[in-house]
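Colleague: Below is the file entry01.csv, with CSV, C-alpha atoms and all ligand atoms.
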chain,number,residue,atom,x,y,z
A,1,MET,CA,162.6,149.4,90.6
A,2,SER,CA,165.8,150.0,92.5
A,3,SER,CA,166.1,149.0,96.1
A,4,ARG,CA,167.7,152.3,96.8
A,5,LYS,CA,165.0,154.9,97.3
A,6,ILE,CA,165.3,158.1,95.4
A,7,ALA,CA,163.4,161.2,96.7
A,8,TYR,CA,162.4,162.5,93.3
A,9,VAL,CA,162.0,166.2,92.6
A,10,ASP,CA,159.9,166.9,89.5
A,11,LEU,CA,160.1,170.4,88.1
A,12,GLN,CA,157.2,170.0,85.6
A,13,VAL,CA,153.9,168.5,86.8
A,14,ASN,CA,150.6,169.6,85.2
A,15,GLY,CA,148.5,167.1,87.1
A,16,TYR,CA,148.5,163.7,88.6
A,17,HIS,CA,146.1,160.8,89.3
A,18,GLY,CA,143.0,162.6,88.1
A,19,LEU,CA,144.0,166.0,89.3
A,20,ASP,CA,144.5,168.8,86.8
A,21,PHE,CA,146.3,171.9,88.0
A,22,ASN,CA,145.0,173.7,84.9
A,23,GLY,CA,141.4,172.7,85.5
A,24,ASP,CA,138.8,174.9,87.0
A,25,GLN,CA,137.5,172.2,89.5
A,26,LEU,CA,140.6,172.1,91.8
A,27,SER,CA,139.4,171.1,95.2
A,28,ALA,CA,141.2,170.6,98.5
A,29,GLY,CA,140.3,166.9,98.5
A,30,SER,CA,141.6,166.2,95.0
A,31,LEU,CA,144.7,168.1,95.7
A,32,ASN,CA,145.4,166.2,98.9
A,33,THR,CA,144.8,162.9,97.1
A,34,ALA,CA,147.1,163.7,94.2
A,35,CYS,CA,149.9,164.7,96.7
A,36,GLN,CA,149.4,161.5,98.6
A,37,ARG,CA,149.8,159.6,95.4
A,38,LEU,CA,152.9,161.6,94.5
A,39,LYS,CA,154.3,160.8,98.0
A,40,ALA,CA,153.5,157.1,97.6
A,41,ASP,CA,155.3,157.1,94.3
A,42,GLY,CA,158.4,158.5,96.0
A,43,VAL,CA,158.1,162.1,94.8
A,44,ALA,CA,159.4,164.4,97.5
A,45,GLY,CA,158.6,167.6,95.8
A,46,ILE,CA,157.2,169.1,92.6
A,47,LEU,CA,156.6,172.4,90.8
A,48,ALA,CA,153.0,172.5,90.0
A,49,THR,CA,152.9,173.7,86.4
A,50,ILE,CA,150.3,176.3,85.1
A,51,THR,CA,150.2,176.6,81.4
A,52,THR,CA,149.1,179.1,78.7
A,53,ASP,CA,145.5,180.3,78.9
A,54,THR,CA,143.9,183.7,79.2
A,55,LEU,CA,145.6,185.9,81.9
A,56,GLN,CA,142.4,185.8,83.8
A,57,ARG,CA,142.2,182.0,83.9
A,58,MET,CA,145.9,181.7,84.7
A,59,THR,CA,145.8,184.1,87.6
A,60,THR,CA,142.6,182.6,89.0
A,61,ARG,CA,144.1,179.1,88.9
A,62,LEU,CA,147.3,180.3,90.5
A,63,ALA,CA,145.5,182.1,93.3
A,64,ARG,CA,143.3,179.1,94.0
A,65,LEU,CA,146.2,176.7,94.0
A,66,VAL,CA,148.2,178.9,96.4
A,67,ALA,CA,145.2,179.2,98.8
A,68,LEU,CA,144.5,175.5,98.9
A,69,ARG,CA,148.2,174.8,99.4
A,70,GLU,CA,148.4,177.1,102.3
A,71,ALA,CA,145.6,175.2,104.1
A,72,ASP,CA,147.1,171.7,103.8
A,73,PRO,CA,150.6,170.8,105.2
A,74,LEU,CA,151.1,167.8,103.0
A,75,VAL,CA,150.3,169.8,99.9
A,76,GLY,CA,152.6,172.5,101.2
A,77,ARG,CA,155.5,170.0,101.5
A,78,ILE,CA,155.0,168.3,98.1
A,79,ILE,CA,154.3,171.5,96.0
A,80,ARG,CA,157.6,173.3,96.5
A,81,GLY,CA,156.5,176.1,94.1
A,82,ILE,CA,155.1,176.9,90.7
A,83,HIS,CA,156.4,176.6,87.2
A,84,ILE,CA,154.6,179.0,84.9
A,85,GLU,CA,154.9,177.7,81.3
A,86,GLY,CA,153.6,180.4,78.9
A,87,PRO,CA,151.8,182.5,77.9
A,88,PHE,CA,155.0,184.2,76.5
A,89,ILE,CA,155.9,181.4,74.1
A,90,ASN,CA,156.3,181.1,70.3
A,91,PRO,CA,152.7,180.9,68.8
A,92,ASN,CA,153.8,179.1,65.6
A,93,PRO,CA,152.6,175.6,64.9
A,94,GLY,CA,154.9,173.0,66.4
A,95,TYR,CA,156.6,175.4,68.7
A,96,VAL,CA,153.3,176.2,70.5
A,97,GLY,CA,152.8,172.4,71.1
A,98,ALA,CA,149.6,171.7,73.0
A,99,HIS,CA,149.3,175.3,74.3
A,100,PRO,CA,146.3,177.3,72.8
A,101,ALA,CA,147.9,179.6,70.3
A,102,THR,CA,145.1,182.2,70.7
A,103,ALA,CA,146.1,182.8,74.3
A,104,VAL,CA,149.8,183.2,73.6
A,105,GLN,CA,151.1,186.8,74.1
A,106,PRO,CA,154.3,188.7,73.6
A,107,ALA,CA,156.2,188.9,76.9
A,108,SER,CA,155.3,191.9,79.1
A,109,THR,CA,156.6,192.8,82.5
A,110,ASP,CA,153.2,194.0,83.6
A,111,LEU,CA,151.5,190.7,82.8
A,112,MET,CA,154.4,188.8,84.3
A,113,GLN,CA,154.0,190.8,87.5
A,114,ARG,CA,150.3,189.9,87.6
A,115,LEU,CA,151.1,186.2,87.3
A,116,MET,CA,153.7,186.4,90.0
A,117,ASP,CA,151.4,188.3,92.3
A,118,ALA,CA,148.8,185.6,91.9
A,119,ALA,CA,151.4,183.0,92.7
A,120,LYS,CA,152.3,184.9,95.9
A,121,GLY,CA,156.1,184.4,95.9
A,122,LEU,CA,155.9,180.7,94.8
A,123,THR,CA,157.0,181.2,91.2
A,124,ARG,CA,160.2,179.2,90.8
A,125,ILE,CA,160.5,178.7,87.0
A,126,VAL,CA,159.0,180.6,84.1
A,127,THR,CA,159.2,179.0,80.6
A,128,LEU,CA,159.1,181.6,77.8
A,129,ALA,CA,160.4,182.1,74.3
A,130,PRO,CA,163.4,184.4,74.3
A,131,GLU,CA,162.5,185.7,70.8
A,132,CYS,CA,159.1,186.7,72.2
A,133,ASP,CA,160.6,188.8,75.0
A,134,PRO,CA,161.4,192.1,73.4
A,135,CYS,CA,164.6,193.6,74.8
A,136,LEU,CA,164.6,190.6,77.2
A,137,THR,CA,162.8,192.8,79.9
A,138,VAL,CA,160.9,189.9,81.4
A,139,THR,CA,164.0,187.7,81.4
A,140,LYS,CA,165.8,190.4,83.4
A,141,GLN,CA,162.8,191.0,85.6
A,142,LEU,CA,162.7,187.3,86.6
A,143,ALA,CA,166.4,186.8,87.0
A,144,ARG,CA,166.6,189.9,89.3
A,145,GLN,CA,164.2,188.1,91.6
A,146,ASP,CA,166.1,184.8,91.5
A,147,ILE,CA,163.4,183.1,89.5
A,148,CYS,CA,164.7,180.5,87.0
A,149,VAL,CA,164.1,181.7,83.5
A,150,ALA,CA,163.7,178.7,81.1
A,151,ALA,CA,163.6,178.8,77.3
A,152,GLY,CA,160.9,176.6,75.9
A,153,HIS,CA,158.3,176.3,73.1
A,154,CYS,CA,160.7,178.7,71.3
A,155,ASN,CA,162.9,179.2,68.3
A,156,PRO,CA,165.5,181.8,69.0
A,157,THR,CA,168.5,182.4,66.8
A,158,LEU,CA,171.9,181.7,68.4
A,159,ASP,CA,172.3,185.4,68.8
A,160,GLN,CA,169.0,185.7,70.6
A,161,LEU,CA,169.8,182.7,72.8
A,162,ASP,CA,173.2,184.2,73.7
A,163,ALA,CA,171.5,187.6,74.5
A,164,ALA,CA,169.0,185.8,76.7
A,165,LEU,CA,171.8,183.9,78.5
A,166,ASP,CA,173.5,187.3,79.2
A,167,ALA,CA,170.2,188.6,80.5
A,168,GLY,CA,169.8,185.7,83.0
A,169,LEU,CA,168.4,182.7,81.1
A,170,SER,CA,169.5,179.6,83.0
A,171,MET,CA,167.4,176.6,81.7
A,172,PHE,CA,166.0,175.0,78.6
A,173,THR,CA,162.6,173.3,79.1
A,174,HIS,CA,161.9,169.8,77.7
A,175,LEU,CA,164.5,169.9,75.0
A,176,GLY,CA,163.4,167.9,71.9
A,177,ASN,CA,159.8,168.9,72.5
A,178,GLY,CA,157.9,172.1,72.1
A,179,CYS,CA,159.2,172.2,68.5
A,180,PRO,CA,157.9,170.9,65.1
A,181,LEU,CA,158.2,167.3,64.2
A,182,GLN,CA,160.1,168.3,61.0
A,183,LEU,CA,163.1,170.7,61.3
A,184,HIS,CA,166.1,171.7,59.3
A,185,ARG,CA,168.5,168.9,59.8
A,186,HIS,CA,171.3,171.1,61.2
A,187,ASP,CA,170.0,174.6,61.8
A,188,ASN,CA,167.4,173.9,64.5
A,189,ILE,CA,166.6,174.8,68.1
A,190,ILE,CA,167.8,171.5,69.5
A,191,GLN,CA,171.3,171.9,68.1
A,192,ARG,CA,171.4,175.6,69.1
A,193,ALA,CA,170.4,174.7,72.7
A,194,LEU,CA,172.8,171.8,72.9
A,195,SER,CA,175.6,174.1,71.7
A,196,ARG,CA,175.1,176.2,74.8
A,197,ALA,CA,174.6,173.2,77.2
A,198,SER,CA,177.5,174.2,79.4
A,199,LYS,CA,175.5,177.3,80.4
A,200,LEU,CA,172.1,175.8,80.8
A,201,TRP,CA,170.1,173.4,82.9
A,202,ILE,CA,168.4,171.3,80.3
A,203,SER,CA,165.2,169.3,81.1
A,204,PHE,CA,164.0,166.2,79.3
A,205,ILE,CA,160.7,164.3,79.3
A,206,ALA,CA,162.1,160.9,79.8
A,207,ASP,CA,159.1,158.7,79.0
A,208,GLY,CA,160.6,157.2,75.9
A,209,ILE,CA,157.8,158.7,73.7
A,210,HIS,CA,158.6,162.4,73.8
A,211,ILE,CA,162.2,161.5,73.0
A,212,PRO,CA,163.3,158.0,71.7
A,213,TRP,CA,165.8,156.4,74.1
A,214,PRO,CA,168.8,156.6,71.6
A,215,ALA,CA,168.2,160.3,71.1
A,216,LEU,CA,168.0,160.9,74.9
A,217,GLY,CA,171.2,159.0,75.3
A,218,ASN,CA,172.9,161.3,72.8
A,219,TYR,CA,171.5,164.4,74.4
A,220,LEU,CA,172.7,163.3,77.8
A,221,ALA,CA,176.2,162.6,76.3
A,222,VAL,CA,176.3,166.2,75.2
A,223,THR,CA,174.9,167.9,78.4
A,224,GLY,CA,176.7,165.5,80.8
A,225,MET,CA,174.9,164.3,83.9
A,226,GLU,CA,175.7,167.5,85.8
A,227,ARG,CA,173.5,169.8,83.6
A,228,ALA,CA,170.5,167.6,82.8
A,229,VAL,CA,167.2,167.3,84.6
A,230,VAL,CA,164.5,164.7,84.0
A,231,VAL,CA,160.9,165.7,84.3
A,232,THR,CA,157.6,163.8,83.8
A,233,ASP,CA,155.5,166.7,82.4
A,234,ALA,CA,152.8,164.6,83.9
A,235,ILE,CA,149.2,165.4,83.3
A,236,SER,CA,146.0,164.3,85.2
A,237,ALA,CA,146.0,160.9,83.4
A,238,ALA,CA,149.4,160.1,84.9
A,239,GLY,CA,149.2,156.8,86.8
A,240,LEU,CA,145.6,156.0,85.5
A,241,GLY,CA,146.5,153.8,82.5
A,242,PRO,CA,145.2,153.8,78.9
A,243,GLY,CA,141.9,155.5,78.1
A,244,ARG,CA,140.3,158.8,77.1
A,245,TYR,CA,140.6,161.8,79.4
A,246,VAL,CA,140.0,165.5,79.4
A,247,HIS,CA,142.9,167.8,80.4
A,248,GLY,CA,142.8,171.6,80.4
A,249,GLY,CA,139.4,171.4,78.6
A,250,GLN,CA,140.9,169.3,75.7
A,251,GLU,CA,140.2,165.7,75.0
A,252,LEU,CA,143.2,163.3,74.9
A,253,VAL,CA,144.0,159.7,74.5
A,254,VAL,CA,146.5,157.7,76.5
A,255,ASP,CA,147.6,154.7,74.4
A,256,ASP,CA,148.9,151.3,75.5
A,257,GLU,CA,152.5,152.5,75.4
A,258,GLY,CA,151.6,155.5,77.7
A,259,GLY,CA,151.7,158.0,74.8
A,260,THR,CA,149.4,161.0,75.7
A,261,TRP,CA,147.9,162.3,72.4
A,262,SER,CA,145.5,165.0,71.5
A,263,ALA,CA,142.2,163.4,70.3
A,264,ASP,CA,143.3,163.9,66.6
A,265,ARG,CA,146.7,162.4,67.4
A,266,ALA,CA,148.4,165.5,65.9
A,267,HIS,CA,150.6,166.2,68.9
A,268,LEU,CA,151.6,164.9,72.4
A,269,MET,CA,149.9,166.5,75.4
A,270,GLY,CA,152.2,166.1,78.4
A,271,SER,CA,152.9,162.6,79.6
A,272,ALA,CA,151.1,159.9,81.6
A,273,THR,CA,154.3,158.6,83.0
A,274,THR,CA,155.4,158.6,86.6
A,275,MET,CA,158.9,159.0,88.2
A,276,PRO,CA,159.1,155.3,89.2
A,277,GLN,CA,158.4,154.3,85.6
A,278,ILE,CA,161.1,156.8,84.4
A,279,GLU,CA,163.6,155.4,86.9
A,280,ALA,CA,163.0,151.8,85.6
A,281,ASN,CA,163.3,153.0,82.0
A,282,LEU,CA,166.5,155.0,82.6
A,283,LYS,CA,168.0,151.9,84.1
A,284,HIS,CA,166.8,149.3,81.6
A,285,LYS,CA,166.6,151.3,78.3
A,286,LEU,CA,169.7,153.6,78.8
A,287,GLY,CA,171.7,151.4,81.3
A,288,LEU,CA,172.1,154.2,83.8
A,289,GLY,CA,173.2,153.4,87.3
A,290,ASP,CA,171.4,154.4,90.5
A,291,ARG,CA,173.8,157.2,91.2
A,292,GLN,CA,173.2,158.8,87.7
A,293,ILE,CA,169.4,158.4,88.0
A,294,ALA,CA,169.5,160.1,91.4
A,295,THR,CA,171.4,163.0,89.9
A,296,LEU,CA,168.9,163.4,87.1
A,297,THR,CA,165.7,162.9,89.0
A,298,SER,CA,166.5,164.4,92.5
A,299,GLU,CA,169.8,166.2,93.0
A,300,ASN,CA,169.9,168.4,89.8
A,301,PRO,CA,166.3,169.5,90.1
A,302,GLN,CA,166.9,170.3,93.7
A,303,ARG,CA,169.9,172.4,92.7
A,304,VAL,CA,167.8,174.3,90.2
A,305,LEU,CA,165.4,175.2,93.0
A,306,GLU,CA,168.3,176.2,95.3
A,307,GLN,CA,170.5,178.2,93.0
A,308,ASN,CA,169.0,178.9,89.6
A,309,ARG,CA,172.3,179.9,88.0
A,401,ZN,ZN,155.7,172.3,77.3
Show this structure as C-alpha cells.

Modeller:
Amino acid sequence: MSSRKIAYVDLQVNGYHGLDFNGDQLSAGSLNTACQRLKADGVAGILATITTDTLQRMTTRLARLVALREADPLVGRIIRGIHIEGPFINPNPGYVGAHPATAVQPASTDLMQRLMDAAKGLTRIVTLAPECDPCLTVTKQLARQDICVAAGHCNPTLDQLDAALDAGLSMFTHLGNGCPLQLHRHDNIIQRALSRASKLWISFIADGIHIPWPALGNYLAVTGMERAVVVTDAISAAGLGPGRYVHGGQELVVDDEGGTWSADRAHLMGSATTMPQIEANLKHKLGLGDRQIATLTSENPQRVLEQNR
C-alpha cells in the first residue's frame, strides 16, 4: 500500500462485501454497509452496475437502488451514478460473457428510455454492442444526453466501430474481456479497439486474472495513461476471500488467487478484487508509480464522469 492516499473512483461495481446490486434482496442496511466498506477501502465514488436481465427485473432493480440511495446520504455520496451494462450486447458465446444470453436484446430507444427512466437521471455509462444497435439510434440517443456510451461484450467490424465513434461512442468497457478465449490472432476486437485508442476511454479489469500483467502492460503502452481507466468489476464476493457464493442468481467460486469463476469454471464472473489490491498490484507487478496509479484509478474515471467525450 502506498502512503499517499488515492481517492479511487470505480466505474464498474456489481456488488461489494456481500451486497449484490443485481440481487433482488437489496436492503437499506446492506447498501449502507457496502458503502461503508467501500469508503474504508478508500473508494470515494462508484458507478453501481446493473447487468443484463429481463427488462422488468432491470427496471425494478434500478428503481429500488435509486430509492434507497435517495434515503441515505452516505450511499448518495459513494454511488455517483449507474452503469447499465446490457441488455443490448452481443449474444454469441464468449462475447456475452456471464450475461444470460436469453435476456439479451437488440438495442431499442424505447427500452433504453425505460431503463433511463427507472434510473431517474443517474445513468452515467451504458455498455452496449455497436453492431447490435441498428442505425446507432441508441448510441445517438445517449450521446445527446451526455451519457457515456461504451462498447463492450461486442464484436463490431472496424467500419461499425468507426460509425459508432461518429455517433458518439466514447469508451470501451473492460477491453480484453467480454470476448471469447480463442480469437483470430490479428483480426479481433481487441486489436480493432486498440487501433482507435486515441478516440476512446478504455477500461481494464486490473486483477491480474482477467488480463495477465504483461498483456495489461502492453495495452497501457498503446492507450497511454491518459486514455486508460482501471475498474474492479467487483461482485458481491469482493473483499470476502475464497469460497462459494451466489451472484445474480448464479453460483460462483472464488479461488485462492481471487479468480471469480462460474461453478463450471467455464468463464469468469466479475472479480473479487478491491481497489487497494489493484493499487498494490499495479505497483508491484507493473512497476507503476503513485502518480500513474492515481491517474488510472481516480483522475481518469473522474474525467469520464465529468466530460464523457
Ligand atoms: Zn462485462

Colleague: Just give me the gap between atom CA of A:Leu65 and atom CA of A:Gln25 in Å, one decimal is fine.

Modeller: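 Straight-line distance from atom CA of A:Leu65 to atom CA of A:Gln25 works out to 10.8 Å.
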
Colleague: Please produce, as a tab-separated table, a per-residue contact table for stretch 213-262 of chain A versus stretch 97-120 of chain A (criterion: any atom at most 10 Å away, only C-alpha atoms considered), showing the nearest atom pair and its distance in Å to one decimal, sorted by chain then residue number.

Modeller:
residue	atom	partner	partner_atom	distance
A:Gly248	CA	A:His99	CA	9.7
A:Gln250	CA	A:Ala98	CA	9.4
A:Trp261	CA	A:Ala98	CA	9.6
A:Ser262	CA	A:Ala98	CA	8.0

Colleague: With 8 Å as the cut-off and only C-alpha atoms and all ligand atoms counted, what is the closest atom pair between each nearby residue of chain A and ligand ZN 401 (chain A)? Distances in Å to one decimal, ordered by chain and number, as JSON lines.

Modeller:
{"residue": "A:Glu85", "atom": "CA", "partner": "A:ZN401", "partner_atom": "ZN", "distance": 6.8}
{"residue": "A:Gly97", "atom": "CA", "partner": "A:ZN401", "partner_atom": "ZN", "distance": 6.8}
{"residue": "A:Ala98", "atom": "CA", "partner": "A:ZN401", "partner_atom": "ZN", "distance": 7.5}
{"residue": "A:His99", "atom": "CA", "partner": "A:ZN401", "partner_atom": "ZN", "distance": 7.7}
{"residue": "A:Gly152", "atom": "CA", "partner": "A:ZN401", "partner_atom": "ZN", "distance": 6.9}
{"residue": "A:His153", "atom": "CA", "partner": "A:ZN401", "partner_atom": "ZN", "distance": 6.4}
{"residue": "A:Thr173", "atom": "CA", "partner": "A:ZN401", "partner_atom": "ZN", "distance": 7.2}
{"residue": "A:His174", "atom": "CA", "partner": "A:ZN401", "partner_atom": "ZN", "distance": 6.7}
{"residue": "A:Asn177", "atom": "CA", "partner": "A:ZN401", "partner_atom": "ZN", "distance": 7.2}
{"residue": "A:Gly178", "atom": "CA", "partner": "A:ZN401", "partner_atom": "ZN", "distance": 5.6}
{"residue": "A:Asp233", "atom": "CA", "partner": "A:ZN401", "partner_atom": "ZN", "distance": 7.6}
{"residue": "A:Gly270", "atom": "CA", "partner": "A:ZN401", "partner_atom": "ZN", "distance": 7.2}

Colleague: Can you measure atom CA of A:Ala197 to atom CA of A:Ala7 for me? One decimal in Å is fine.

Modeller: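 So the two atoms, atom CA of A:Ala197 and atom CA of A:Ala7, lie 25.5 Å apart.
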
Colleague: Hey, what's within 10 Å of A:Leu62 if we count all atoms listed in the file and toss same-chain stuff fewer than 4 positions away? As a JSON list (two decimals) with C-alpha atoms, keeping the file's coordinate frame, please?

Modeller:
[["chain", "number", "residue", "atom", "x", "y", "z"],
["A", 21, "PHE", "CA", 146.30, 171.90, 88.00],
["A", 22, "ASN", "CA", 145.00, 173.70, 84.90],
["A", 48, "ALA", "CA", 153.00, 172.50, 90.00],
["A", 49, "THR", "CA", 152.90, 173.70, 86.40],
["A", 50, "ILE", "CA", 150.30, 176.30, 85.10],
["A", 56, "GLN", "CA", 142.40, 185.80, 83.80],
["A", 57, "ARG", "CA", 142.20, 182.00, 83.90],
["A", 58, "MET", "CA", 145.90, 181.70, 84.70],
["A", 66, "VAL", "CA", 148.20, 178.90, 96.40],
["A", 67, "ALA", "CA", 145.20, 179.20, 98.80],
["A", 82, "ILE", "CA", 155.10, 176.90, 90.70],
["A", 84, "ILE", "CA", 154.60, 179.00, 84.90],
["A", 115, "LEU", "CA", 151.10, 186.20, 87.30],
["A", 116, "MET", "CA", 153.70, 186.40, 90.00],
["A", 117, "ASP", "CA", 151.40, 188.30, 92.30],
["A", 118, "ALA", "CA", 148.80, 185.60, 91.90],
["A", 119, "ALA", "CA", 151.40, 183.00, 92.70],
["A", 120, "LYS", "CA", 152.30, 184.90, 95.90],
["A", 122, "LEU", "CA", 155.90, 180.70, 94.80],
["A", 123, "THR", "CA", 157.00, 181.20, 91.20]]

Colleague: Nearest residue to A:Thr273 out of A:Ala215, A:His210, A:Pro91, A:Glu226, using only C-alpha atoms?

Modeller: A:His210

Colleague: May I have the residues at most 9 Å from (155.2, 184.8, 72.9) in the file's coordinates, counting only C-alpha atoms, as a VMD selection string?

Modeller: chain A and resid 86 to 91 104 to 107 128 to 133 154

Colleague: Using Å and a single decimal, report how far atom CA of A:Tyr8 sits from atom CA of A:Ile293.

Modeller: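 Going from atom CA of A:Ile293 over to atom CA of A:Tyr8, I get 9.7 Å.
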
Colleague: Could you check the closest approach to A:Ser198 for each of A:Pro301, A:Gly18, A:Gly224, A:Pro73 and tell me which residue wins, using all atoms listed in the file?

Modeller: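 Going through A:Pro301, A:Gly18, A:Gly224, A:Pro73 one by one, the smallest distance to A:Ser198 is for A:Gly224.
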
Colleague: Considering only C-alpha atoms, state which residue in the set A:Ile205, A:Val75, A:Leu47, A:Leu286 is at the smallest distance from A:Gly217.

Modeller: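 Ranked by minimum distance to A:Gly217, first place goes to A:Leu286.
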
Colleague: Go through A:Gly76, A:Gly121, A:Gly94, A:Pro214 and flag the residue nearest A:Pro180, using all atoms listed in the file for the distances.

Modeller: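 Of all the options, A:Gly94 lies closest to A:Pro180.
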
Colleague: May I ask which of the residues A:Ala206, A:Leu142, A:Ala63, A:Leu200 is the closest one to A:Asp162, counting all atoms listed in the file?

Modeller: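 Checking each of A:Ala206, A:Leu142, A:Ala63, A:Leu200 against A:Asp162, counting all atoms listed in the file, the winner is A:Leu200.
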
Colleague: Output, as lines of an AutoDock Vina configuration file, the centre and edge lengths in Å (one decimal) of the axis-aligned box that contains all listed atoms of stretch 276-281 of chain A with 8 Å of margin on each side.

Modeller:
center_x = 161.0
center_y = 154.3
center_z = 85.6
size_x = 21.2
size_y = 21.0
size_z = 23.2

Colleague: Nearest to A:Thr260 among A:Ala221, A:Val246, A:Leu74, A:Ala228, with distances taken over all atoms listed in the file: which residue is it?

Modeller: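 So, comparing all the options, the nearest one is A:Val246.
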
Colleague: List the neighbours of A:Ile6 out to 9 Å using all atoms listed in the file; skip same-chain residues closer than 5 positions along the sequence, and give me the result as a PyMOL selection string.

Modeller: chain A and resi 42-44+290+293-294+297-298

Colleague: List as a list in words the protein and nucleic acid residues near A:Thr33, meaning an atom at most 12 Å away when only C-alpha atoms are counted, but skip any in the same chain fewer than 6 places from it.

Modeller: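 Once the nearby chain positions are removed, what remains is Gly15, Tyr16, His17, Gly18, Leu19, Asp20, Leu26, Ser27, Lys39, Ala40, Asp72, Leu74, Val75 and Ile78 of chain A.
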
Colleague: Using only C-alpha atoms, which residues sit within 9 Å of A:Asp255 once same-chain residues fewer than 6 positions away are excluded, as JSON, numbers by chain?

Modeller: {"A": [241, 242, 243, 244, 261]}

Colleague: Excluding same-chain residues fewer than 3 positions from A:Lys199, what lies within 9 Å of it counting all atoms listed in the file, as a PyMOL selection string?

Modeller: chain A and resi 165+169-171+196+227+309
